[in-house]
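Peer 1: Contents of query05.pdb (PDB, C-alpha atoms) are given next:
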ATOM      1  CA  MET A  37     -12.271  -2.623 -28.364
ATOM      2  CA  HIS A  38      -9.629  -3.036 -25.669
ATOM      3  CA  LYS A  39      -9.885  -0.913 -22.504
ATOM      4  CA  ALA A  40      -7.045  -0.045 -20.129
ATOM      5  CA  GLY A  41      -6.341   2.536 -17.468
ATOM      6  CA  PHE A  42      -4.749   3.544 -14.195
ATOM      7  CA  VAL A  43      -7.072   3.239 -11.192
ATOM      8  CA  ASN A  44      -5.312   5.096  -8.387
ATOM      9  CA  ILE A  45      -6.264   4.527  -4.750
ATOM     10  CA  VAL A  46      -5.761   7.476  -2.366
ATOM     11  CA  GLY A  47      -6.966   8.503   1.095
ATOM     12  CA  ASN A  48      -5.920   9.057   4.687
ATOM     13  CA  PRO A  49      -3.928   6.475   6.705
ATOM     14  CA  ASN A  50      -5.678   3.379   8.082
ATOM     15  CA  VAL A  51      -8.878   3.496   6.000
ATOM     16  CA  GLY A  52      -8.184   0.141   4.302
ATOM     17  CA  LYS A  53      -6.626   1.155   0.968
ATOM     18  CA  SER A  54      -4.259  -1.838   0.884
ATOM     19  CA  THR A  55      -7.004  -4.324   1.827
ATOM     20  CA  LEU A  56      -9.142  -2.892  -0.968
ATOM     21  CA  MET A  57      -6.273  -3.075  -3.469
ATOM     22  CA  ASN A  58      -5.518  -6.718  -2.619
ATOM     23  CA  SER A  59      -9.223  -7.633  -2.890
ATOM     24  CA  LEU A  60      -9.562  -5.958  -6.297
ATOM     25  CA  VAL A  61      -6.329  -7.478  -7.637
ATOM     26  CA  GLY A  62      -7.061 -10.909  -6.152
ATOM     27  CA  GLU A  63      -3.455 -11.218  -4.930
ATOM     28  CA  ARG A  64      -1.615 -10.058  -1.818
ATOM     29  CA  ILE A  65       0.331  -7.177  -3.370
ATOM     30  CA  SER A  66       0.288  -4.654  -0.497
ATOM     31  CA  ILE A  67       1.184  -5.431   3.106
ATOM     32  CA  ILE A  68      -1.545  -4.926   5.682
ATOM     33  CA  THR A  69      -1.324  -4.204   9.411
ATOM     34  CA  SER A  70      -3.517  -2.281  11.844
ATOM     35  CA  LYS A  71      -0.781   0.356  12.195
ATOM     36  CA  ALA A  72      -0.983   3.631  10.288
ATOM     37  CA  GLN A  73       1.575   4.406   7.548
ATOM     38  CA  THR A  74       2.095   0.730   6.656
ATOM     39  CA  THR A  75       2.360   1.556   2.936
ATOM     40  CA  ARG A  76       5.433   3.651   2.084
ATOM     41  CA  HIS A  77       5.663   3.256  -1.695
ATOM     42  CA  ARG A  78       3.301   3.517  -4.617
ATOM     43  CA  ILE A  79       2.609  -0.104  -5.587
ATOM     44  CA  MET A  80       0.859  -1.259  -8.755
ATOM     45  CA  GLY A  81      -1.291  -4.374  -9.069
ATOM     46  CA  ILE A  82      -2.343  -5.330 -12.595
ATOM     47  CA  VAL A  83      -5.504  -7.231 -13.537
ATOM     48  CA  ASN A  84      -5.777  -8.595 -17.080
ATOM     49  CA  THR A  85      -8.645 -10.021 -19.105
ATOM     50  CA  ASP A  86      -8.791 -10.582 -22.890
ATOM     51  CA  ASP A  87     -10.308  -7.158 -23.521
ATOM     52  CA  MET A  88      -9.186  -5.182 -20.455
ATOM     53  CA  GLN A  89      -6.179  -4.198 -18.323
ATOM     54  CA  ILE A  90      -6.782  -2.462 -14.989
ATOM     55  CA  VAL A  91      -3.639  -1.023 -13.370
ATOM     56  CA  TYR A  92      -4.444  -0.418  -9.701
ATOM     57  CA  SER A  93      -2.106   1.778  -7.681
ATOM     58  CA  ASP A  94      -1.935   1.659  -3.871
ATOM     59  CA  THR A  95      -0.453   4.769  -2.234
ATOM     60  CA  PRO A  96       0.696   5.831   1.261
ATOM     61  CA  GLY A  97      -1.889   7.480   3.493
ATOM     62  CA  VAL A  98      -2.004  11.259   3.143
ATOM     63  CA  LEU A  99      -0.394  13.013   6.114
ATOM     64  CA  VAL A 100       1.388  16.183   7.170
ATOM     65  CA  PRO A 101       5.076  15.203   6.814
ATOM     66  CA  ASN A 102       7.420  15.422   9.810
ATOM     67  CA  TYR A 103      10.590  14.230   8.040
ATOM     68  CA  LYS A 104      11.907  13.616   4.518
ATOM     69  CA  LEU A 105      10.642  10.022   4.280
ATOM     70  CA  GLN A 106       7.089  11.242   4.906
ATOM     71  CA  GLU A 107       7.594  13.991   2.303
ATOM     72  CA  SER A 108       8.422  11.264  -0.237
ATOM     73  CA  MET A 109       5.365   9.261   0.858
ATOM     74  CA  LEU A 110       3.167  12.333   0.347
ATOM     75  CA  ASN A 111       4.703  12.840  -3.116
ATOM     76  CA  PHE A 112       3.658   9.275  -4.055
ATOM     77  CA  SER A 113       0.076  10.077  -2.984
ATOM     78  CA  GLN A 114      -0.010  13.389  -4.834
ATOM     79  CA  SER A 115       1.471  11.873  -8.021
ATOM     80  CA  ALA A 116      -1.511   9.500  -8.045
ATOM     81  CA  LEU A 117      -3.787  12.525  -8.603
ATOM     82  CA  VAL A 118      -1.871  13.461 -11.752
ATOM     83  CA  ASP A 119      -1.882  10.280 -13.834
ATOM     84  CA  ALA A 120      -5.179   8.625 -12.862
ATOM     85  CA  ASP A 121      -7.801   7.548 -15.391
ATOM     86  CA  ILE A 122     -10.102   6.764 -12.461
ATOM     87  CA  LEU A 123      -9.513   7.934  -8.889
ATOM     88  CA  LEU A 124     -10.694   5.897  -5.891
ATOM     89  CA  TYR A 125     -10.811   8.139  -2.826
ATOM     90  CA  VAL A 126     -11.052   5.710   0.087
ATOM     91  CA  THR A 127     -12.529   6.771   3.403
ATOM     92  CA  ASP A 128     -14.209   4.781   6.168
ATOM     93  CA  VAL A 129     -17.092   5.074   8.625
ATOM     94  CA  VAL A 130     -14.788   6.117  11.494
ATOM     95  CA  GLU A 131     -12.791   9.090  10.201
ATOM     96  CA  THR A 132     -14.109  12.649  10.041
ATOM     97  CA  PRO A 133     -14.885  13.345   6.358
ATOM     98  CA  THR A 134     -13.072  16.704   6.392
ATOM     99  CA  LYS A 135      -9.975  15.276   8.162
ATOM    100  CA  ASN A 136      -7.604  16.377   5.394
ATOM    101  CA  GLN A 137      -9.352  19.270   3.683
ATOM    102  CA  SER A 138      -6.420  20.455   1.557
ATOM    103  CA  PHE A 139      -6.030  17.030  -0.122
ATOM    104  CA  LEU A 140      -9.808  16.774  -0.471
ATOM    105  CA  ASP A 141      -9.814  20.125  -2.305
ATOM    106  CA  LYS A 142      -7.347  18.659  -4.831
ATOM    107  CA  VAL A 143      -9.578  15.609  -5.303
ATOM    108  CA  ALA A 144     -12.548  17.932  -5.910
ATOM    109  CA  GLN A 145     -10.651  19.558  -8.806
ATOM    110  CA  GLU A 146     -10.106  16.230 -10.611
ATOM    111  CA  THR A 147     -11.425  16.034 -14.172
ATOM    112  CA  VAL A 148     -11.285  12.210 -14.292
ATOM    113  CA  PRO A 149     -14.080  10.090 -12.724
ATOM    114  CA  VAL A 150     -13.825   9.978  -8.923
ATOM    115  CA  LEU A 151     -15.357   7.131  -6.900
ATOM    116  CA  VAL A 152     -15.619   7.801  -3.160
ATOM    117  CA  VAL A 153     -15.315   4.382  -1.540
ATOM    118  CA  ILE A 154     -16.713   4.345   2.011
ATOM    119  CA  ASN A 155     -15.012   1.321   3.559
ATOM    120  CA  LYS A 156     -15.741  -0.667   6.761
ATOM    121  CA  ILE A 157     -19.524  -0.246   6.523
ATOM    122  CA  ASP A 158     -19.810  -3.500   8.513
ATOM    123  CA  LEU A 159     -18.979  -1.349  11.568
ATOM    124  CA  LEU A 160     -22.074   0.841  11.111
ATOM    125  CA  GLN A 161     -25.278   0.413  13.075
ATOM    126  CA  GLY A 162     -28.270   0.625  10.717
ATOM    127  CA  GLN A 163     -29.092   1.944   7.260
ATOM    128  CA  GLU A 164     -29.844   5.465   8.486
ATOM    129  CA  ALA A 165     -26.258   6.073   9.609
ATOM    130  CA  LEU A 166     -24.981   4.906   6.202
ATOM    131  CA  GLU A 167     -27.408   7.111   4.258
ATOM    132  CA  SER A 168     -26.379  10.120   6.335
ATOM    133  CA  LEU A 169     -22.667   9.445   5.648
ATOM    134  CA  VAL A 170     -23.267   8.950   1.909
ATOM    135  CA  GLU A 171     -25.139  12.273   1.815
ATOM    136  CA  GLU A 172     -22.290  14.031   3.620
ATOM    137  CA  TRP A 173     -19.789  12.790   1.015
ATOM    138  CA  LYS A 174     -22.079  13.840  -1.840
ATOM    139  CA  GLN A 175     -22.035  17.367  -0.417
ATOM    140  CA  LEU A 176     -18.224  17.338  -0.047
ATOM    141  CA  LEU A 177     -17.492  15.911  -3.526
ATOM    142  CA  PRO A 178     -20.588  16.610  -5.648
ATOM    143  CA  LYS A 179     -19.027  15.357  -8.925
ATOM    144  CA  ALA A 180     -18.047  11.998  -7.408
ATOM    145  CA  GLU A 181     -20.011   8.767  -7.167
ATOM    146  CA  VAL A 182     -20.223   7.381  -3.616
ATOM    147  CA  ILE A 183     -19.943   3.600  -3.171
ATOM    148  CA  PRO A 184     -20.165   1.970   0.294
ATOM    149  CA  VAL A 185     -18.141  -1.266   0.680
ATOM    150  CA  SER A 186     -16.512  -3.599   3.168
ATOM    151  CA  ALA A 187     -13.144  -4.555   1.671
ATOM    152  CA  GLN A 188     -12.466  -7.064   4.448
ATOM    153  CA  TYR A 189     -15.738  -8.944   3.857
ATOM    154  CA  LYS A 190     -15.772  -8.200   0.092
ATOM    155  CA  PHE A 191     -19.227  -6.586   0.357
ATOM    156  CA  ASN A 192     -20.291  -4.557  -2.715
ATOM    157  CA  LEU A 193     -16.862  -4.962  -4.375
ATOM    158  CA  ASP A 194     -18.556  -6.552  -7.385
ATOM    159  CA  TYR A 195     -20.482  -3.303  -7.979
ATOM    160  CA  LEU A 196     -17.325  -1.213  -7.492
ATOM    161  CA  LEU A 197     -15.490  -3.403 -10.032
ATOM    162  CA  LYS A 198     -18.405  -3.093 -12.476
ATOM    163  CA  ARG A 199     -18.226   0.726 -12.273
ATOM    164  CA  ILE A 200     -14.434   0.692 -12.750
ATOM    165  CA  GLN A 201     -14.796  -1.499 -15.851
ATOM    166  CA  GLU A 202     -17.504   0.792 -17.262
ATOM    167  CA  LEU A 203     -15.391   3.921 -16.705
ATOM    168  CA  LEU A 204     -12.131   2.539 -18.156
ATOM    169  CA  PRO A 205     -11.103   4.389 -21.334
ATOM    170  CA  PRO A 206     -10.419   2.595 -24.658
ATOM    171  CA  SER A 207      -6.667   1.920 -24.794
ATOM    172  CA  PRO A 208      -4.134  -0.788 -25.626
ATOM    173  CA  PRO A 209      -2.515  -2.444 -22.554
ATOM    174  CA  PHE A 210       0.273  -0.561 -20.757
ATOM    175  CA  PHE A 211       2.044  -3.706 -19.499
ATOM    176  CA  ASP A 212       2.527  -7.277 -20.722
ATOM    177  CA  LYS A 213      -0.657  -9.266 -20.338
ATOM    178  CA  ASP A 214       0.989 -11.683 -17.899
ATOM    179  CA  ALA A 215       2.287  -8.888 -15.603
ATOM    180  CA  LEU A 216       0.965  -8.763 -12.048
ATOM    181  CA  THR A 217       2.887  -5.728 -10.768
ATOM    182  CA  ASP A 218       5.539  -3.177 -11.743
ATOM    183  CA  LYS A 219       7.781  -4.119  -8.800
ATOM    184  CA  PRO A 220      10.662  -6.658  -8.848
ATOM    185  CA  ALA A 221      10.735  -9.793  -6.661
ATOM    186  CA  ARG A 222      13.191  -8.218  -4.194
ATOM    187  CA  PHE A 223      10.685  -5.450  -3.419
ATOM    188  CA  PHE A 224       8.131  -7.964  -2.118
ATOM    189  CA  VAL A 225      10.760  -9.602   0.070
ATOM    190  CA  THR A 226      11.518  -6.245   1.730
ATOM    191  CA  GLU A 227       7.791  -5.529   2.149
ATOM    192  CA  ILE A 228       7.063  -8.918   3.754
ATOM    193  CA  ILE A 229       9.960  -8.460   6.216
ATOM    194  CA  ARG A 230       8.781  -4.900   6.951
ATOM    195  CA  GLU A 231       5.258  -6.179   7.617
ATOM    196  CA  LYS A 232       6.616  -8.624  10.224
ATOM    197  CA  ILE A 233       8.589  -5.775  11.821
ATOM    198  CA  LEU A 234       5.376  -3.741  12.070
ATOM    199  CA  LEU A 235       3.619  -6.700  13.714
ATOM    200  CA  THR A 236       6.463  -7.569  16.112
ATOM    201  CA  TYR A 237       7.607  -4.227  17.539
ATOM    202  CA  ASP A 238       5.795  -1.325  19.199
ATOM    203  CA  LYS A 239       5.859   2.452  19.186
ATOM    204  CA  GLU A 240       8.490   4.156  17.020
ATOM    205  CA  ILE A 241      10.637   1.074  16.245
ATOM    206  CA  PRO A 242       8.828  -0.118  13.061
ATOM    207  CA  TYR A 243       8.831   3.394  11.604
ATOM    208  CA  ALA A 244      12.583   3.735  12.164
ATOM    209  CA  CYS A 245      13.243   0.490  10.250
ATOM    210  CA  GLU A 246      13.973  -0.001   6.559
ATOM    211  CA  VAL A 247      14.814  -3.273   4.822
ATOM    212  CA  ALA A 248      17.263  -3.849   1.972
ATOM    213  CA  VAL A 249      17.855  -7.158   0.192
ATOM    214  CA  GLU A 250      21.608  -7.599  -0.249
ATOM    215  CA  GLN A 251      21.451 -11.016  -1.888
ATOM    216  CA  PHE A 252      18.689 -12.829  -3.773
ATOM    217  CA  LYS A 253      20.030 -16.072  -5.200
ATOM    218  CA  GLU A 254      17.553 -18.369  -6.918
ATOM    219  CA  GLU A 255      18.488 -22.013  -7.293
ATOM    220  CA  GLU A 256      16.607 -25.166  -8.227
ATOM    221  CA  GLY A 257      13.632 -25.306  -5.851
ATOM    222  CA  ARG A 258      15.004 -22.790  -3.325
ATOM    223  CA  ILE A 259      15.970 -19.141  -2.835
ATOM    224  CA  HIS A 260      18.816 -17.844  -0.665
ATOM    225  CA  ILE A 261      18.081 -14.340   0.642
ATOM    226  CA  MET A 262      20.271 -12.091   2.734
ATOM    227  CA  ALA A 263      18.582  -8.915   3.980
ATOM    228  CA  VAL A 264      19.594  -6.037   6.240
ATOM    229  CA  ILE A 265      17.226  -4.213   8.604
ATOM    230  CA  TYR A 266      18.399  -0.623   9.001
ATOM    231  CA  VAL A 267      17.583   1.357  12.160
ATOM    232  CA  GLU A 268      18.478   4.909  13.155
ATOM    233  CA  ARG A 269      20.081   4.365  16.592
ATOM    234  CA  ASP A 270      22.080   1.760  18.562
ATOM    235  CA  SER A 271      19.295   1.467  21.155
ATOM    236  CA  GLN A 272      16.849   0.501  18.362
ATOM    237  CA  LYS A 273      19.292  -2.131  17.086
ATOM    238  CA  GLY A 274      19.246  -3.824  20.501
ATOM    239  CA  ILE A 275      15.441  -3.895  20.573
ATOM    240  CA  VAL A 276      15.171  -5.268  17.016
ATOM    241  CA  ILE A 277      17.636  -8.089  17.803
ATOM    242  CA  GLY A 278      16.080  -8.819  21.216
ATOM    243  CA  LYS A 279      17.451 -10.894  24.081
ATOM    244  CA  GLY A 280      19.683 -13.604  22.649
ATOM    245  CA  GLY A 281      18.471 -12.676  19.156
ATOM    246  CA  SER A 282      14.912 -13.846  19.983
ATOM    247  CA  ALA A 283      13.005 -10.920  18.407
ATOM    248  CA  LEU A 284      15.002 -11.035  15.160
ATOM    249  CA  LYS A 285      14.523 -14.825  14.986
ATOM    250  CA  LYS A 286      10.759 -14.356  15.292
ATOM    251  CA  VAL A 287      10.711 -11.771  12.462
ATOM    252  CA  GLY A 288      12.820 -14.098  10.305
ATOM    253  CA  MET A 289      10.599 -17.114  10.936
ATOM    254  CA  LEU A 290       7.358 -15.239  10.178
ATOM    255  CA  ALA A 291       8.833 -13.561   7.085
ATOM    256  CA  ARG A 292      10.305 -16.795   5.708
ATOM    257  CA  LYS A 293       6.900 -18.529   5.819
ATOM    258  CA  ASP A 294       5.247 -15.741   3.832
ATOM    259  CA  ILE A 295       8.141 -15.421   1.358
ATOM    260  CA  GLU A 296       7.951 -19.183   0.722
ATOM    261  CA  ALA A 297       4.207 -18.894   0.101
ATOM    262  CA  PHE A 298       4.757 -15.884  -2.202
ATOM    263  CA  PHE A 299       7.383 -17.597  -4.390
ATOM    264  CA  ASP A 300       6.169 -21.174  -3.843
ATOM    265  CA  LYS A 301       9.750 -22.262  -3.087
ATOM    266  CA  LYS A 302      11.853 -23.150  -0.063
ATOM    267  CA  VAL A 303      13.609 -20.061   1.297
ATOM    268  CA  PHE A 304      16.812 -19.712   3.301
ATOM    269  CA  LEU A 305      16.636 -16.256   4.927
ATOM    270  CA  GLU A 306      19.488 -14.473   6.714
ATOM    271  CA  LEU A 307      18.694 -11.231   8.559
ATOM    272  CA  TYR A 308      21.172  -8.666   9.883
ATOM    273  CA  VAL A 309      20.637  -5.347  11.678
ATOM    274  CA  LYS A 310      22.692  -2.218  10.972
ATOM    275  CA  VAL A 311      22.548   1.367  12.246
ATOM    276  CA  GLU A 312      22.166   4.102   9.613
ATOM    277  CA  LYS A 313      21.852   7.284  11.648
ATOM    278  CA  ASP A 314      18.733   9.377  10.888
ATOM    279  CA  TRP A 315      18.198   7.675   7.502
ATOM    280  CA  ARG A 316      14.599   8.964   7.323
ATOM    281  CA  SER A 317      15.893  12.527   6.977
ATOM    282  CA  ARG A 318      18.844  11.906   4.638
ATOM    283  CA  GLU A 319      18.238  12.349   0.916
ATOM    284  CA  ASN A 320      21.067  10.071  -0.223
ATOM    285  CA  LYS A 321      19.702   7.213   1.908
ATOM    286  CA  LEU A 322      16.115   7.790   0.747
ATOM    287  CA  LYS A 323      17.342   7.660  -2.859
ATOM    288  CA  GLY A 324      19.154   4.399  -2.131
ATOM    289  CA  PHE A 325      15.990   2.907  -0.606
ATOM    290  CA  GLY A 326      13.935   3.958  -3.647
ATOM    291  CA  TYR A 327      11.864   6.722  -2.048
ATOM    292  CA  MET A 328      13.329   9.481  -4.226
ATOM    293  CA  PRO A 329      14.599   9.540  -7.805
ATOM    294  CA  GLU A 330      18.374   9.144  -8.152
TER     295      GLU A 330
END
Mind turning the file's structure into structure tokens?

Peer 2:
Amino acid sequence: MHKAGFVNIVGNPNVGKSTLMNSLVGERISIITSKAQTTRHRIMGIVNTDDMQIVYSDTPGVLVPNYKLQESMLNFSQSALVDADILLYVTDVVETPTKNQSFLDKVAQETVPVLVVINKIDLLQGQEALESLVEEWKQLLPKAEVIPVSAQYKFNLDYLLKRIQELLPPSPPFFDKDALTDKPARFFVTEIIREKILLTYDKEIPYACEVAVEQFKEEEGRIHIMAVIYVERDSQKGIVIGKGGSALKKVGMLARKDIEAFFDKKVFLELYVKVEKDWRSRENKLKGFGYMPE
């Protein structure tokens, strides 16, 4: 009997959803930084065995949207409640359990199995604090099973995986057995560049940036990539480029190393910066960047 299903990962920003996803998939599918709202898309990571296919889905952190891009991000998170076979609601030991009550109420109404994953338990002092937190979550989501983990240190992930495998429904595979994700190669290039932007710049700059791959040319042993970083204002363009192009060079160098590791090929990367005024609030631009259906 073959088992397969969609295991959707949801929760508030910065609780470690992407770290958990990458640990469960065993590959670096989602980008990770210490900044909130790092994940903007819904990204699938697929794990295959002879008799099983687990389709994990990482989603943006749930938030109250301030502009159209964030509305699209929230839609990705809410869609994950609709098509899940198993729902992983990820929280951590720092956030207030009732931080986003309206989303929590939706999770409570789920008819599929819900696993509440309490992440970052390595930060807790003593067993008593953990037991108290587990009890609090059992009160909030009585139908759910509560599983404490540390995604960073891979603590208790083997038990979480065991429960996921037990709860998977009988089904033929949804994707080819050699598939790792539903996203094309270009998507991971844009995500790696965006991760380096998040790590290089402060304040609002990373959130005002979007990356588009204009050219992806694969040759024998090397890939030629041309990508554009879009910002919303001229002042942001200057900051992204930096004095004498120094900041943009740094982003390019860091991104190229990771892209080479991802594809296991030499990469020639060209980066340009363009202004696309208020792109985060413009539907046609969000459609073009893949945040909304065409």

Peer 1: Kindly give the distance, in Å, that separates atom CA of A:Ala144 and atom CA of A:Ala180, rounded to a single decimal.

Peer 2: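 Atom CA of A:Ala144 sits 8.2 Å away from atom CA of A:Ala180.
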
Peer 1: Given the PyMOL selection byres ((chain A and resi 156) around 7) and the file above, list the residues it selects as an MDAnalysis selection string.

Peer 2: chainID A and resid 128:129 154:155 157:159 185:187

Peer 1: May I have the residues from that selection written out with C-alpha atoms, as an mmCIF file, in the coordinates of the input?

Peer 2:
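Result file is result-v3.cif:
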data_model
loop_
_atom_site.group_PDB
_atom_site.id
_atom_site.type_symbol
_atom_site.label_atom_id
_atom_site.label_comp_id
_atom_site.auth_asym_id
_atom_site.auth_seq_id
_atom_site.Cartn_x
_atom_site.Cartn_y
_atom_site.Cartn_z
ATOM 1 C CA ASP A 128 -14.209 4.781 6.168
ATOM 2 C CA VAL A 129 -17.092 5.074 8.625
ATOM 3 C CA ILE A 154 -16.713 4.345 2.011
ATOM 4 C CA ASN A 155 -15.012 1.321 3.559
ATOM 5 C CA ILE A 157 -19.524 -0.246 6.523
ATOM 6 C CA ASP A 158 -19.810 -3.500 8.513
ATOM 7 C CA LEU A 159 -18.979 -1.349 11.568
ATOM 8 C CA VAL A 185 -18.141 -1.266 0.680
ATOM 9 C CA SER A 186 -16.512 -3.599 3.168
ATOM 10 C CA ALA A 187 -13.144 -4.555 1.671
#

Peer 1: For A:Thr75, which of A:Arg230, A:Arg199, A:Lys239, A:Arg318 is the closest residue, counting only C-alpha atoms?

Peer 2: A:Arg230

Peer 1: Could you spell out the hits of the PyMOL selection byres ((chain A and resi 164-178) around 10) on the shown file, as a PyMOL selection string?

Peer 2: chain A and resi 127-129+133-134+137+140-141+143-145+150-154+157+160-163+179-184

Peer 1: Might you pull out every residue within 12 Å of A:Leu56, with only C-alpha atoms counted and same-chain residues fewer than 5 positions away left off, and present them as an NGL selection string?

Peer 2: :A and (44-47 or 50-51 or 61-68 or 81 or 92-95 or 124-128 or 153-156 or 185-194 or 196-197)

Peer 1: Suppose you want the space between atom CA of A:Tyr308 and atom CA of A:Gly257; what is it in Å?

Peer 2: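 Going from atom CA of A:Tyr308 over to atom CA of A:Gly257 covers 24.1 Å.
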
Peer 1: Mind telling me what the PyMOL selection byres ((chain A and resi 245) around 12) catches here, as number ranges by chain?

Peer 2: A: 74, 76, 105, 226-227, 229-234, 237-244, 246-248, 264-269, 272-273, 275-276, 309-316, 325

Peer 1: From the list A:Glu254, A:Gly278, A:Leu235, A:Ile228, which residue is nearest A:Ala297 when using all atoms listed in the file?

Peer 2: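 Nearest to A:Ala297: A:Ile228.
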
Peer 1: Might you pull out every residue within 9 Å of A:Lys104, with only C-alpha atoms counted and same-chain residues fewer than 3 positions away left off, and present them as a list in words?

Peer 2: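 The residues satisfying every condition are Pro101, Glu107, Ser108, Met109, Arg316, Ser317, Arg318, Glu319 and Leu322 of chain A.
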
Peer 1: From the options A:Ala215, A:Ala120, A:Ala72, A:Val225, which residue's atoms come nearest to A:Pro49, counting only C-alpha atoms?

Peer 2: A:Ala72

Peer 1: Would you list the contacts of A:Met289 as a PyMOL selection string, taking every protein, DNA or RNA residue within 12 Å and counting all atoms listed in the file, but skipping same-chain residues closer than 6 positions in sequence?

Peer 2: chain A and resi 228-229+232-233+236+282-283+295-296+303-307

Peer 1: For stretch 198-213 of chain A, I'd like the enclosing box, axis-aligned and padded by 8 Å on every side, reported as AutoDock Vina command-line options with centre and edge lengths in Å to one decimal.

Peer 2:
--center_x -7.9 --center_y -2.4 --center_z -18.9 --size_x 36.9 --size_y 29.7 --size_z 29.4

Peer 1: Interatomic distance between atom CA of A:Gln73 and atom CA of A:Thr55?

Peer 2: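 If I compute the distance from atom CA of A:Gln73 to atom CA of A:Thr55, I get 13.5 Å.
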
Peer 1: Which residue is closest to A:Lys301? Choose from A:Lys213, A:Lys285, A:His260, A:Lys323 and count all atoms listed in the file.

Peer 2: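 Nearest to A:Lys301: A:His260.
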
Peer 1: Ranking A:Ser59, A:Thr132, A:Ser70, A:Asp86 by minimum distance to A:Pro209 and counting only C-alpha atoms, which one comes first?

Peer 2: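 Using only C-alpha atoms, the shortest distance to A:Pro209 belongs to A:Asp86.
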
Peer 1: Could you tell me which of A:Asp218, A:Glu255, A:Asp300, A:Glu131 comes closest to A:Asn48 if we count only C-alpha atoms?

Peer 2: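 Looking at the shortest contact to A:Asn48, the residue is A:Glu131.
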